[in-house]
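Visitor: Next up, model11.csv (CSV, C-alpha atoms).
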chain,number,residue,atom,x,y,z
A,1,MET,CA,102.8,120.3,60.8
A,2,ARG,CA,103.8,124.0,61.4
A,3,ARG,CA,102.2,126.7,59.3
A,4,MET,CA,104.3,127.6,56.2
A,5,THR,CA,103.7,131.1,54.9
A,6,SER,CA,106.2,131.4,52.0
A,7,VAL,CA,107.2,127.9,51.0
A,8,PRO,CA,107.9,127.6,47.2
A,9,ALA,CA,105.3,125.4,45.4
A,10,THR,CA,107.8,122.7,44.4
A,11,ILE,CA,109.2,122.4,48.0
A,12,PHE,CA,105.6,122.4,49.4
A,13,ALA,CA,104.7,119.6,47.0
A,14,ILE,CA,107.6,117.5,48.2
A,15,LEU,CA,106.7,118.1,51.8
A,16,LEU,CA,103.1,117.3,51.3
A,17,CYS,CA,104.0,114.0,49.6
A,18,VAL,CA,106.1,113.0,52.5
A,19,VAL,CA,103.3,113.9,55.0
A,20,LEU,CA,100.7,111.9,52.9
A,21,SER,CA,103.0,108.9,52.7
A,22,THR,CA,103.3,108.8,56.5
A,23,GLN,CA,99.5,109.2,57.0
A,24,SER,CA,98.5,106.3,54.7
A,25,SER,CA,100.0,103.3,52.9
A,26,HIS,CA,98.3,104.8,49.7
A,27,ALA,CA,100.6,107.2,48.1
A,28,ALA,CA,98.0,109.1,46.0
A,29,GLY,CA,97.2,112.7,47.1
A,30,PRO,CA,93.7,113.9,48.0
A,31,THR,CA,90.9,111.2,47.9
A,32,MET,CA,87.2,110.9,48.6
A,33,VAL,CA,84.4,108.5,48.1
A,34,VAL,CA,80.7,109.5,48.4
A,35,ASP,CA,77.3,107.8,48.3
A,36,ALA,CA,75.7,109.5,45.3
A,37,LYS,CA,72.1,109.2,46.7
A,38,SER,CA,72.6,110.3,50.3
A,39,GLY,CA,75.7,112.5,49.8
A,40,LYS,CA,77.4,110.7,52.7
A,41,VAL,CA,81.2,110.9,52.6
A,42,LEU,CA,82.4,107.4,53.3
A,43,GLU,CA,86.1,108.2,53.3
A,44,HIS,CA,88.1,111.3,52.7
A,45,LYS,CA,91.7,112.5,52.8
A,46,ASP,CA,92.9,116.1,52.2
A,47,ALA,CA,89.6,116.7,50.4
A,48,PHE,CA,90.0,120.5,50.4
A,49,GLN,CA,93.6,120.6,49.2
A,50,ARG,CA,93.9,122.7,46.0
A,51,TRP,CA,95.0,120.6,43.0
A,52,TYR,CA,95.3,120.9,39.3
A,53,PRO,CA,92.2,119.2,37.7
A,54,ALA,CA,93.8,118.3,34.4
A,55,SER,CA,91.3,116.6,32.1
A,56,LEU,CA,88.8,116.1,35.0
A,57,THR,CA,87.9,119.6,33.7
A,58,LYS,CA,86.0,117.9,30.9
A,59,LEU,CA,83.4,116.7,33.4
A,60,MET,CA,82.4,120.3,33.8
A,61,THR,CA,82.5,120.8,30.0
A,62,ALA,CA,80.1,117.8,29.7
A,63,TYR,CA,77.9,119.2,32.5
A,64,VAL,CA,77.5,122.5,30.8
A,65,VAL,CA,76.6,120.7,27.6
A,66,PHE,CA,73.9,118.7,29.4
A,67,ARG,CA,72.4,121.8,30.9
A,68,GLN,CA,72.2,123.5,27.5
A,69,VAL,CA,70.6,120.5,26.0
A,70,GLN,CA,68.1,120.5,28.9
A,71,ALA,CA,67.4,124.2,28.2
A,72,GLU,CA,66.8,123.2,24.5
A,73,ALA,CA,69.5,125.6,23.3
A,74,ILE,CA,71.1,122.8,21.4
A,75,THR,CA,70.7,119.1,20.7
A,76,MET,CA,73.0,116.1,20.7
A,77,ASN,CA,72.7,116.0,16.9
A,78,SER,CA,73.8,119.6,16.5
A,79,PRO,CA,77.0,120.1,14.4
A,80,VAL,CA,80.2,120.9,16.1
A,81,THR,CA,82.7,122.7,13.9
A,82,ILE,CA,86.5,122.4,14.4
A,83,SER,CA,87.6,126.0,14.2
A,84,ALA,CA,91.2,127.2,13.4
A,85,ASN,CA,91.5,128.1,17.1
A,86,ALA,CA,90.4,124.6,18.2
A,87,ALA,CA,92.7,122.9,15.8
A,88,LYS,CA,95.7,124.7,17.4
A,89,ALA,CA,95.2,122.9,20.8
A,90,PRO,CA,98.1,120.8,21.9
A,91,PRO,CA,97.7,117.0,22.3
A,92,SER,CA,95.9,114.9,23.3
A,93,LYS,CA,93.9,115.7,20.2
A,94,MET,CA,92.1,114.2,17.2
A,95,HIS,CA,94.0,116.4,14.7
A,96,PHE,CA,90.8,117.2,12.8
A,97,LYS,CA,91.3,119.9,10.1
A,98,PRO,CA,89.7,123.3,10.5
A,99,GLY,CA,86.2,123.2,9.1
A,100,SER,CA,85.6,119.5,10.0
A,101,GLN,CA,82.2,118.8,11.5
A,102,LEU,CA,80.8,116.1,13.7
A,103,THR,CA,77.7,115.8,15.9
A,104,LEU,CA,77.8,116.9,19.5
A,105,ASP,CA,77.0,113.3,20.5
A,106,HIS,CA,80.2,112.1,18.8
A,107,ALA,CA,82.2,115.0,20.2
A,108,LEU,CA,81.2,114.1,23.7
A,109,LYS,CA,82.2,110.5,23.2
A,110,ILE,CA,85.6,111.6,21.9
A,111,ILE,CA,86.4,113.9,24.9
A,112,MET,CA,85.3,111.3,27.4
A,113,VAL,CA,87.5,108.5,25.9
A,114,LYS,CA,90.3,110.2,23.9
A,115,SER,CA,90.2,113.3,26.1
A,116,ALA,CA,90.8,115.4,22.9
A,117,ASN,CA,91.6,119.0,23.7
A,118,ASP,CA,90.8,120.3,20.2
A,119,VAL,CA,87.3,118.8,20.3
A,120,SER,CA,86.7,120.2,23.8
A,121,ILE,CA,87.4,123.7,22.5
A,122,ALA,CA,85.2,123.1,19.5
A,123,ILE,CA,82.4,122.1,21.8
A,124,ALA,CA,82.9,125.2,23.9
A,125,GLU,CA,82.7,127.5,20.8
A,126,THR,CA,79.6,125.7,19.5
A,127,ILE,CA,77.7,126.0,22.8
A,128,ALA,CA,78.7,129.6,23.7
A,129,GLY,CA,80.0,131.3,20.6
A,130,SER,CA,83.4,131.7,22.1
A,131,HIS,CA,85.7,129.6,24.3
A,132,GLU,CA,86.0,132.5,26.7
A,133,PHE,CA,82.2,132.8,27.2
A,134,PHE,CA,82.0,129.0,27.7
A,135,VAL,CA,84.6,129.2,30.5
A,136,ALA,CA,82.4,131.8,32.2
A,137,MET,CA,79.5,129.4,31.9
A,138,MET,CA,81.6,126.7,33.5
A,139,ASN,CA,82.5,128.9,36.5
A,140,ASN,CA,78.9,130.0,36.8
A,141,GLU,CA,77.8,126.3,37.0
A,142,ALA,CA,80.6,125.5,39.5
A,143,ALA,CA,79.4,128.4,41.8
A,144,ARG,CA,75.8,127.2,41.5
A,145,LEU,CA,76.7,123.7,42.5
A,146,GLY,CA,78.7,124.9,45.5
A,147,MET,CA,82.2,124.0,44.2
A,148,THR,CA,83.6,126.7,46.4
A,149,ASP,CA,87.3,126.2,45.6
A,150,SER,CA,87.3,125.4,41.9
A,151,ARG,CA,88.1,127.8,39.0
A,152,PHE,CA,88.3,126.9,35.4
A,153,ILE,CA,90.3,128.8,32.7
A,154,ASN,CA,89.6,126.5,29.8
A,155,ALA,CA,87.3,123.7,28.6
A,156,ASN,CA,89.9,121.0,28.4
A,157,GLY,CA,92.1,121.1,31.5
A,158,LEU,CA,95.4,122.1,29.9
A,159,PRO,CA,97.7,123.7,32.5
A,160,GLY,CA,97.4,127.4,33.2
A,161,LYS,CA,97.5,130.0,36.0
A,162,GLY,CA,94.4,129.9,38.2
A,163,GLN,CA,93.0,126.5,37.2
A,164,ARG,CA,92.3,124.6,40.3
A,165,THR,CA,89.9,122.2,42.1
A,166,THR,CA,89.7,119.9,45.1
A,167,ALA,CA,88.7,116.3,45.7
A,168,ARG,CA,85.5,117.5,47.5
A,169,ASP,CA,84.5,119.8,44.5
A,170,MET,CA,85.1,117.0,42.0
A,171,ALA,CA,83.0,114.6,44.1
A,172,LEU,CA,80.3,117.3,44.1
A,173,LEU,CA,80.4,117.6,40.3
A,174,GLY,CA,80.4,113.8,39.8
A,175,VAL,CA,77.4,113.3,42.1
A,176,ALA,CA,75.5,116.2,40.3
A,177,ILE,CA,76.0,114.5,36.9
A,178,LYS,CA,74.8,111.2,38.3
A,179,ARG,CA,71.7,112.7,39.9
A,180,GLU,CA,70.7,115.2,37.3
A,181,PHE,CA,71.5,113.5,34.1
A,182,PRO,CA,71.3,109.7,34.4
A,183,GLN,CA,70.2,109.5,30.8
A,184,TYR,CA,73.7,110.5,29.7
A,185,SER,CA,75.6,108.0,31.8
A,186,HIS,CA,76.7,106.0,28.7
A,187,TYR,CA,79.1,108.8,27.8
A,188,PHE,CA,81.2,108.0,30.9
A,189,SER,CA,81.2,104.2,30.6
A,190,LEU,CA,82.5,103.7,27.1
A,191,GLU,CA,85.3,101.1,26.8
A,192,ALA,CA,86.7,102.6,23.6
A,193,ILE,CA,85.9,104.7,20.5
A,194,SER,CA,86.7,103.9,16.9
A,195,THR,CA,87.1,106.2,13.9
A,196,GLY,CA,87.1,103.2,11.6
A,197,LYS,CA,90.8,103.5,11.0
A,198,LYS,CA,91.9,103.6,14.6
A,199,THR,CA,90.6,102.5,18.0
A,200,TYR,CA,91.2,104.4,21.2
A,201,THR,CA,90.6,102.7,24.5
A,202,ASN,CA,89.4,104.5,27.6
A,203,TYR,CA,92.2,105.6,30.0
A,204,ASN,CA,89.8,104.5,32.9
A,205,MET,CA,91.0,101.0,33.6
A,206,LEU,CA,88.0,100.2,35.8
A,207,ILE,CA,85.5,100.2,33.0
A,208,GLY,CA,84.7,96.5,32.2
A,209,ARG,CA,87.2,95.4,34.9
A,210,PHE,CA,85.7,96.5,38.2
A,211,ALA,CA,82.3,95.0,39.1
A,212,GLY,CA,79.7,97.7,38.6
A,213,ALA,CA,82.1,100.4,37.3
A,214,ASN,CA,80.2,102.9,35.1
A,215,GLY,CA,82.4,106.1,34.8
A,216,MET,CA,83.7,108.7,34.9
A,217,LYS,CA,86.9,110.5,33.7
A,218,THR,CA,90.7,110.5,34.1
A,219,GLY,CA,93.2,113.3,33.8
A,220,PHE,CA,96.9,113.9,33.7
A,221,ILE,CA,99.3,116.8,33.4
A,222,CYS,CA,102.8,116.9,35.0
A,223,SER,CA,101.6,119.3,37.6
A,224,SER,CA,98.6,117.3,38.7
A,225,GLY,CA,99.9,113.8,38.6
A,226,PHE,CA,97.3,111.1,37.6
A,227,ASN,CA,93.8,112.1,38.5
A,228,GLN,CA,90.5,110.1,38.3
A,229,VAL,CA,86.9,110.5,39.1
A,230,SER,CA,85.2,107.1,39.2
A,231,SER,CA,81.7,105.7,39.8
A,232,ALA,CA,80.2,102.3,40.3
A,233,THR,CA,76.7,100.9,41.0
A,234,ARG,CA,75.8,97.6,42.7
A,235,ARG,CA,72.4,96.5,43.9
A,236,GLY,CA,71.0,100.0,43.3
A,237,ARG,CA,73.7,101.8,45.2
A,238,THR,CA,76.0,104.2,43.4
A,239,VAL,CA,79.2,105.7,44.8
A,240,VAL,CA,81.6,108.3,43.3
A,241,SER,CA,85.3,108.4,44.1
A,242,VAL,CA,88.0,110.9,43.5
A,243,VAL,CA,91.8,110.3,43.3
A,244,LEU,CA,94.2,113.2,42.8
A,245,GLY,CA,97.9,113.1,42.4
A,246,ALA,CA,98.6,109.4,41.9
A,247,PHE,CA,102.1,108.6,40.6
A,248,ASP,CA,101.2,106.4,37.6
A,249,GLN,CA,98.1,104.9,35.9
A,250,GLU,CA,98.3,101.7,38.0
A,251,GLU,CA,98.3,103.5,41.3
A,252,ARG,CA,95.4,105.7,40.1
A,253,ALA,CA,93.4,102.6,39.1
A,254,VAL,CA,94.2,100.6,42.2
A,255,GLU,CA,93.3,103.4,44.6
A,256,SER,CA,90.1,104.2,42.7
A,257,ALA,CA,89.1,100.6,42.9
A,258,ARG,CA,89.8,100.4,46.7
A,259,LEU,CA,87.7,103.5,47.3
A,260,LEU,CA,84.8,102.3,45.2
A,261,GLN,CA,84.9,98.9,46.9
A,262,LYS,CA,84.9,100.5,50.3
A,263,GLY,CA,82.1,102.9,49.3
A,264,LEU,CA,79.9,100.1,48.1
A,265,THR,CA,80.4,98.0,51.2
A,266,THR,CA,80.3,100.7,53.9
A,267,PRO,CA,77.1,101.9,55.7
A,268,GLY,CA,76.6,105.7,55.4
A,269,LEU,CA,75.1,106.1,58.9
A,270,ALA,CA,76.8,108.7,61.1
A,271,LYS,CA,79.1,109.7,58.2
A,272,PRO,CA,79.5,113.4,57.3
A,273,SER,CA,77.7,114.9,54.4
A,274,LEU,CA,79.4,116.1,51.2
A,275,TYR,CA,77.4,119.3,51.6
A,276,THR,CA,78.2,120.1,55.2
A,277,LEU,CA,81.8,118.8,55.5
A,278,ARG,CA,83.8,121.8,56.6
A,279,PRO,CA,87.1,122.8,55.0
A,280,TYR,CA,90.3,121.5,56.7
A,281,GLY,CA,94.0,121.4,56.1
A,282,GLN,CA,96.5,124.0,57.2
A,283,ASN,CA,98.0,124.7,53.8
A,284,ARG,CA,95.0,123.7,51.6
A,285,LEU,CA,94.9,127.1,49.9
A,286,GLN,CA,98.4,126.6,48.4
A,287,ILE,CA,98.0,124.6,45.2
A,288,VAL,CA,100.3,121.5,44.9
A,289,ASP,CA,102.6,121.2,41.9
A,290,MET,CA,103.6,117.5,41.3
A,291,ARG,CA,105.8,118.2,38.3
A,292,PRO,CA,109.1,117.4,40.1
A,293,GLN,CA,107.8,114.0,41.2
A,294,ILE,CA,105.9,113.1,38.1
A,295,CYS,CA,107.8,114.3,35.2
A,296,SER,CA,111.5,114.0,36.2
A,297,GLN,CA,113.6,111.8,33.9
A,298,GLU,CA,113.8,109.2,36.7
A,299,ALA,CA,110.0,109.2,37.3
A,300,ARG,CA,109.2,108.8,33.6
A,301,LYS,CA,111.6,105.8,33.4
A,302,SER,CA,110.1,104.0,36.4
A,303,ARG,CA,106.4,104.8,35.7
A,304,ASN,CA,104.0,101.8,35.3
A,305,ASP,CA,101.2,102.4,32.9
A,306,GLY,CA,99.4,99.3,34.2
A,307,ARG,CA,100.0,97.2,31.0
A,308,ASP,CA,102.6,94.8,29.7
A,309,ALA,CA,104.4,95.1,26.4
A,310,SER,CA,101.5,93.5,24.6
A,311,GLY,CA,99.0,95.9,26.1
A,312,ARG,CA,97.4,93.5,28.5
A,313,LEU,CA,96.3,94.8,31.9
A,314,THR,CA,98.7,94.0,34.7
A,315,VAL,CA,97.2,96.1,37.5
A,316,LYS,CA,97.7,94.3,40.8
A,317,SER,CA,94.4,94.7,42.7
A,318,ALA,CA,92.0,92.3,44.2
A,319,TYR,CA,89.1,94.3,42.7
A,320,ILE,CA,90.3,94.7,39.1
A,321,SER,CA,90.2,91.8,36.6
A,322,PRO,CA,91.4,91.6,33.0
A,323,LEU,CA,88.8,92.4,30.4
A,324,GLY,CA,89.2,89.1,28.8
A,325,ARG,CA,87.9,90.3,25.4
A,326,GLN,CA,88.3,93.1,22.9
A,327,ALA,CA,87.1,96.4,24.2
A,328,ARG,CA,83.7,97.4,22.8
A,329,ALA,CA,84.2,100.5,20.7
A,330,ALA,CA,81.6,103.2,19.9
A,331,ARG,CA,81.9,104.4,16.4
A,332,VAL,CA,82.6,108.1,15.9
A,333,ARG,CA,83.1,110.0,12.6
A,334,LEU,CA,83.1,113.3,10.9
A,335,THR,CA,79.8,114.2,9.3
A,336,GLY,CA,81.1,116.8,6.8
A,337,SER,CA,83.0,120.1,6.6
A,338,VAL,CA,82.5,123.8,6.0
A,339,PRO,CA,84.6,126.2,3.9
A,340,ALA,CA,88.0,126.9,5.5
A,341,ALA,CA,87.1,130.6,5.8
A,342,LEU,CA,84.3,129.9,8.2
A,343,ALA,CA,86.7,128.1,10.5
A,344,SER,CA,89.6,130.5,10.1
A,345,GLY,CA,88.6,132.8,12.9
A,346,ARG,CA,88.4,135.8,10.7
A,347,ILE,CA,84.6,135.8,10.8
A,348,PRO,CA,83.4,136.5,14.3
A,349,VAL,CA,80.9,134.1,15.7
A,350,PRO,CA,77.8,135.9,17.1
A,351,LYS,CA,78.2,136.1,20.9
A,352,PRO,CA,75.3,135.0,23.1
A,353,ARG,CA,73.2,137.7,24.7
A,354,PRO,CA,74.6,138.6,28.2
A,355,ASN,CA,71.3,138.1,30.0
A,356,GLY,CA,71.4,134.9,32.1
A,357,ILE,CA,75.2,134.9,32.7
A,358,GLY,CA,74.7,135.4,36.5
A,359,ASP,CA,71.6,133.3,36.7
A,360,VAL,CA,72.3,130.5,39.1
A,361,ASP,CA,68.7,129.2,39.5
A,362,GLY,CA,68.4,127.3,36.2
A,363,PRO,CA,70.1,126.4,33.0
A,364,VAL,CA,71.5,129.4,31.1
A,365,ALA,CA,70.1,129.0,27.5
A,366,VAL,CA,72.5,130.4,25.0
A,367,VAL,CA,70.6,132.3,22.3
A,368,ARG,CA,72.2,133.3,19.0
A,369,GLU,CA,70.7,136.2,17.1
A,370,GLN,CA,69.5,135.2,13.6
A,371,PRO,CA,70.2,137.6,10.7
A,372,ALA,CA,67.2,139.4,9.3
A,373,ALA,CA,65.7,138.2,6.0
A,374,ASN,CA,67.1,139.6,2.8
A,375,VAL,CA,70.0,141.1,4.6
A,376,PRO,CA,73.3,140.1,2.9
A,377,VAL,CA,75.8,138.4,5.1
A,378,PRO,CA,79.1,140.4,5.1
A,379,ARG,CA,82.1,138.6,3.6
A,380,ALA,CA,85.2,137.9,5.6
A,381,ARG,CA,87.8,140.6,5.6
A,382,PRO,CA,91.1,139.7,4.0
A,383,SER,CA,93.9,139.1,6.5
A,384,LEU,CA,95.8,142.3,7.1
Could you quickly redo this structure as structure tokens?

Guide:
Amino acid sequence: MRRMTSVPATIFAILLCVVLSTQSSHAAGPTMVVDAKSGKVLEHKDAFQRWYPASLTKLMTAYVVFRQVQAEAITMNSPVTISANAAKAPPSKMHFKPGSQLTLDHALKIIMVKSANDVSIAIAETIAGSHEFFVAMMNNEAARLGMTDSRFINANGLPGKGQRTTARDMALLGVAIKREFPQYSHYFSLEAISTGKKTYTNYNMLIGRFAGANGMKTGFICSSGFNQVSSATRRGRTVVSVVLGAFDQEERAVESARLLQKGLTTPGLAKPSLYTLRPYGQNRLQIVDMRPQICSQEARKSRNDGRDASGRLTVKSAYISPLGRQARAARVRLTGSVPAALASGRIPVPKPRPNGIGDVDGPVAVVREQPAANVPVPRARPSL
């Protein structure tokens, strides 16, 4: 394909889709599957092509949380408060009112299953004191891990200028989570969550339906198409797969299952390493925008969500089976609330000290300064 220097993003997306469809019978965009222990890349396609991460971003949100827990800056039982700023986030969301509180443990379960954008922002503010500082922590961790072509602008993956990743970088993040924090693997393998009044099933159709599936996260915005990072373990071997830019939920699940199956049954000898695979792709630095193909009126009408009218799984894959029972739901709930003024945004949250922002050798422990004894806490200023 000739080098294109000034091709509009929408035209480039169309051209890339045509090229990909001629290269493989699988219509999804960039893909990769990696052996989590050895780092051997068992299959890859357009692995360095820039893409919108969508809610795969929440994998990095979770990773930052795990690092902070490891640094003893916070615990899984610490309260997460829904601020006025968090409550304004667009769907998908839980619609919790400002001032509502829940534990960090329950907040993580919600963002992994429901992919709630409001809760993601609340987690960020709880960890770092501000959403902006948390995003800086995300990018710091990405750089430390070697995610050379990823940049995050928020904690939830909502679309915005500059947000990007690649299949290779997402595989790197998935492998890092698996290796460094096996004790938190249950957050990525939940079949569903329940608030008592409503149950939300995991968008990851492989959980409970693909032999050995144990994670990780799905994502969707019009510009990215249907993304998924998956993992599975059999006979002590764990593989992580990445699918970016599928056209619907069924294709995303089918391609993810194919990659996992191949990864679990393919020897890693003589395969390239995730850490030494060199960037390739002539137009890889131009981010692909799938909106014309994914969110046109025609595309919306023809989209298959992988289920029939009664909600039963209808995905056509030799590796995916119906669950055959009710999804097991983890219970999540609010633990209380704080006065509305404390969540209004008028009272500034103490920002963490700047030391450690650039430290890439270990966890960055967020330290909040405590008020001196007997010093009255200033009241919130009235809105002007």

Visitor: What's around Met60 (chain A) at 8 Å? Count only C-alpha atoms, leave out sequence neighbours fewer than 3 positions away in its own chain, and write the answer as a list in words.

Guide: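 Residues near the query, excluding close chain neighbours: Leu56, Thr57, Tyr63, Val64, Met138, Ala142, Ala155 and Leu173 of chain A.
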
Visitor: Any chance you could tabulate, as a tab-separated table, the residues of region 193-237 of chain A at most 12 Å from region 284-307 of chain A with each one's nearest atom pair and distance in Å to one decimal, using all atoms listed in the file, in chain and rising number order?

Guide:
residue	atom	partner	partner_atom	distance
A:Tyr203	CA	A:Asp305	CA	10.0
A:Asn204	CA	A:Gly306	CA	11.0
A:Met205	CA	A:Gly306	CA	8.6
A:Leu206	CA	A:Gly306	CA	11.5
A:Phe220	CA	A:Ile294	CA	10.0
A:Ile221	CA	A:Arg291	CA	8.3
A:Cys222	CA	A:Arg291	CA	4.6
A:Ser223	CA	A:Arg291	CA	4.4
A:Ser224	CA	A:Met290	CA	5.6
A:Gly225	CA	A:Met290	CA	5.9
A:Phe226	CA	A:Ile294	CA	8.8
A:Asn227	CA	A:Met290	CA	11.5

Visitor: Could you write those residues out with C-alpha atoms, as a PDB file, keeping the file's coordinate frame?

Guide:
ATOM      1  CA  TYR A 203      92.200 105.600  30.000  1.00  0.00           C
ATOM      2  CA  ASN A 204      89.800 104.500  32.900  1.00  0.00           C
ATOM      3  CA  MET A 205      91.000 101.000  33.600  1.00  0.00           C
ATOM      4  CA  LEU A 206      88.000 100.200  35.800  1.00  0.00           C
ATOM      5  CA  PHE A 220      96.900 113.900  33.700  1.00  0.00           C
ATOM      6  CA  ILE A 221      99.300 116.800  33.400  1.00  0.00           C
ATOM      7  CA  CYS A 222     102.800 116.900  35.000  1.00  0.00           C
ATOM      8  CA  SER A 223     101.600 119.300  37.600  1.00  0.00           C
ATOM      9  CA  SER A 224      98.600 117.300  38.700  1.00  0.00           C
ATOM     10  CA  GLY A 225      99.900 113.800  38.600  1.00  0.00           C
ATOM     11  CA  PHE A 226      97.300 111.100  37.600  1.00  0.00           C
ATOM     12  CA  ASN A 227      93.800 112.100  38.500  1.00  0.00           C
TER      13      ASN A 227
END

Visitor: Give the answer as one residue: which of A:Glu72, A:Glu125, A:Glu43, A:Asp118 has the shortest atom-to-atom distance to Leu158 (chain A), using only C-alpha atoms?

Guide: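 Counting only C-alpha atoms, the residue closest to Leu158 (chain A) is A:Asp118.
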
Visitor: Counting all atoms listed in the file, what are the residues of region 114-185 of chain A within 12 Å of region 92-99 of chain A, and for each of them which pair of atoms is the nearest and at what distance in Å, to one decimal? Sort the table by chain and rising number, as CSV.

Guide:
residue,atom,partner,partner_atom,distance
A:Lys114,CA,A:Ser92,CA,7.3
A:Ser115,CA,A:Ser92,CA,6.5
A:Ala116,CA,A:Lys93,CA,4.1
A:Asn117,CA,A:Lys93,CA,5.3
A:Asp118,CA,A:Lys93,CA,5.5
A:Val119,CA,A:Lys93,CA,7.3
A:Ser120,CA,A:Lys93,CA,9.2
A:Ile121,CA,A:Lys93,CA,10.6
A:Ala122,CA,A:Pro98,CA,10.1
A:Asn156,CA,A:Ser92,CA,10.0
A:Gly157,CA,A:Ser92,CA,11.0
A:Leu158,CA,A:Ser92,CA,9.8

Visitor: Taking C-alpha atoms for each residue, export the selection above as a PDB file, in the coordinates of the input.

Guide:
ATOM      1  CA  LYS A 114      90.300 110.200  23.900  1.00  0.00           C
ATOM      2  CA  SER A 115      90.200 113.300  26.100  1.00  0.00           C
ATOM      3  CA  ALA A 116      90.800 115.400  22.900  1.00  0.00           C
ATOM      4  CA  ASN A 117      91.600 119.000  23.700  1.00  0.00           C
ATOM      5  CA  ASP A 118      90.800 120.300  20.200  1.00  0.00           C
ATOM      6  CA  VAL A 119      87.300 118.800  20.300  1.00  0.00           C
ATOM      7  CA  SER A 120      86.700 120.200  23.800  1.00  0.00           C
ATOM      8  CA  ILE A 121      87.400 123.700  22.500  1.00  0.00           C
ATOM      9  CA  ALA A 122      85.200 123.100  19.500  1.00  0.00           C
ATOM     10  CA  ASN A 156      89.900 121.000  28.400  1.00  0.00           C
ATOM     11  CA  GLY A 157      92.100 121.100  31.500  1.00  0.00           C
ATOM     12  CA  LEU A 158      95.400 122.100  29.900  1.00  0.00           C
TER      13      LEU A 158
END

Visitor: May I ask for the distance between CA of Ser38 (chain A) and CA of Tyr275 (chain A), given in Å to one decimal place?

Guide: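 Interatomic distance, CA of Ser38 (chain A) to CA of Tyr275 (chain A): 10.3 Å.
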
Visitor: Can you tell me how far CA of Asn154 (chain A) sits from CA of Gly174 (chain A), in Å to one decimal?

Guide: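 Computed distance, CA of Asn154 (chain A) to CA of Gly174 (chain A), equals 18.6 Å.
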
Visitor: Quick one, how far is CA of Lys40 (chain A) from CA of Val242 (chain A)?

Guide: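 These two atoms are separated by 14.0 Å.
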
Visitor: Calculated over all atoms listed in the file, which of the candidates A:Ala171, A:Ala62, A:Val254, A:Leu260 has the smallest distance to Met112 (chain A)?

Guide: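 Ranking A:Ala171, A:Ala62, A:Val254, A:Leu260 by distance to Met112 (chain A), first place goes to A:Ala62.
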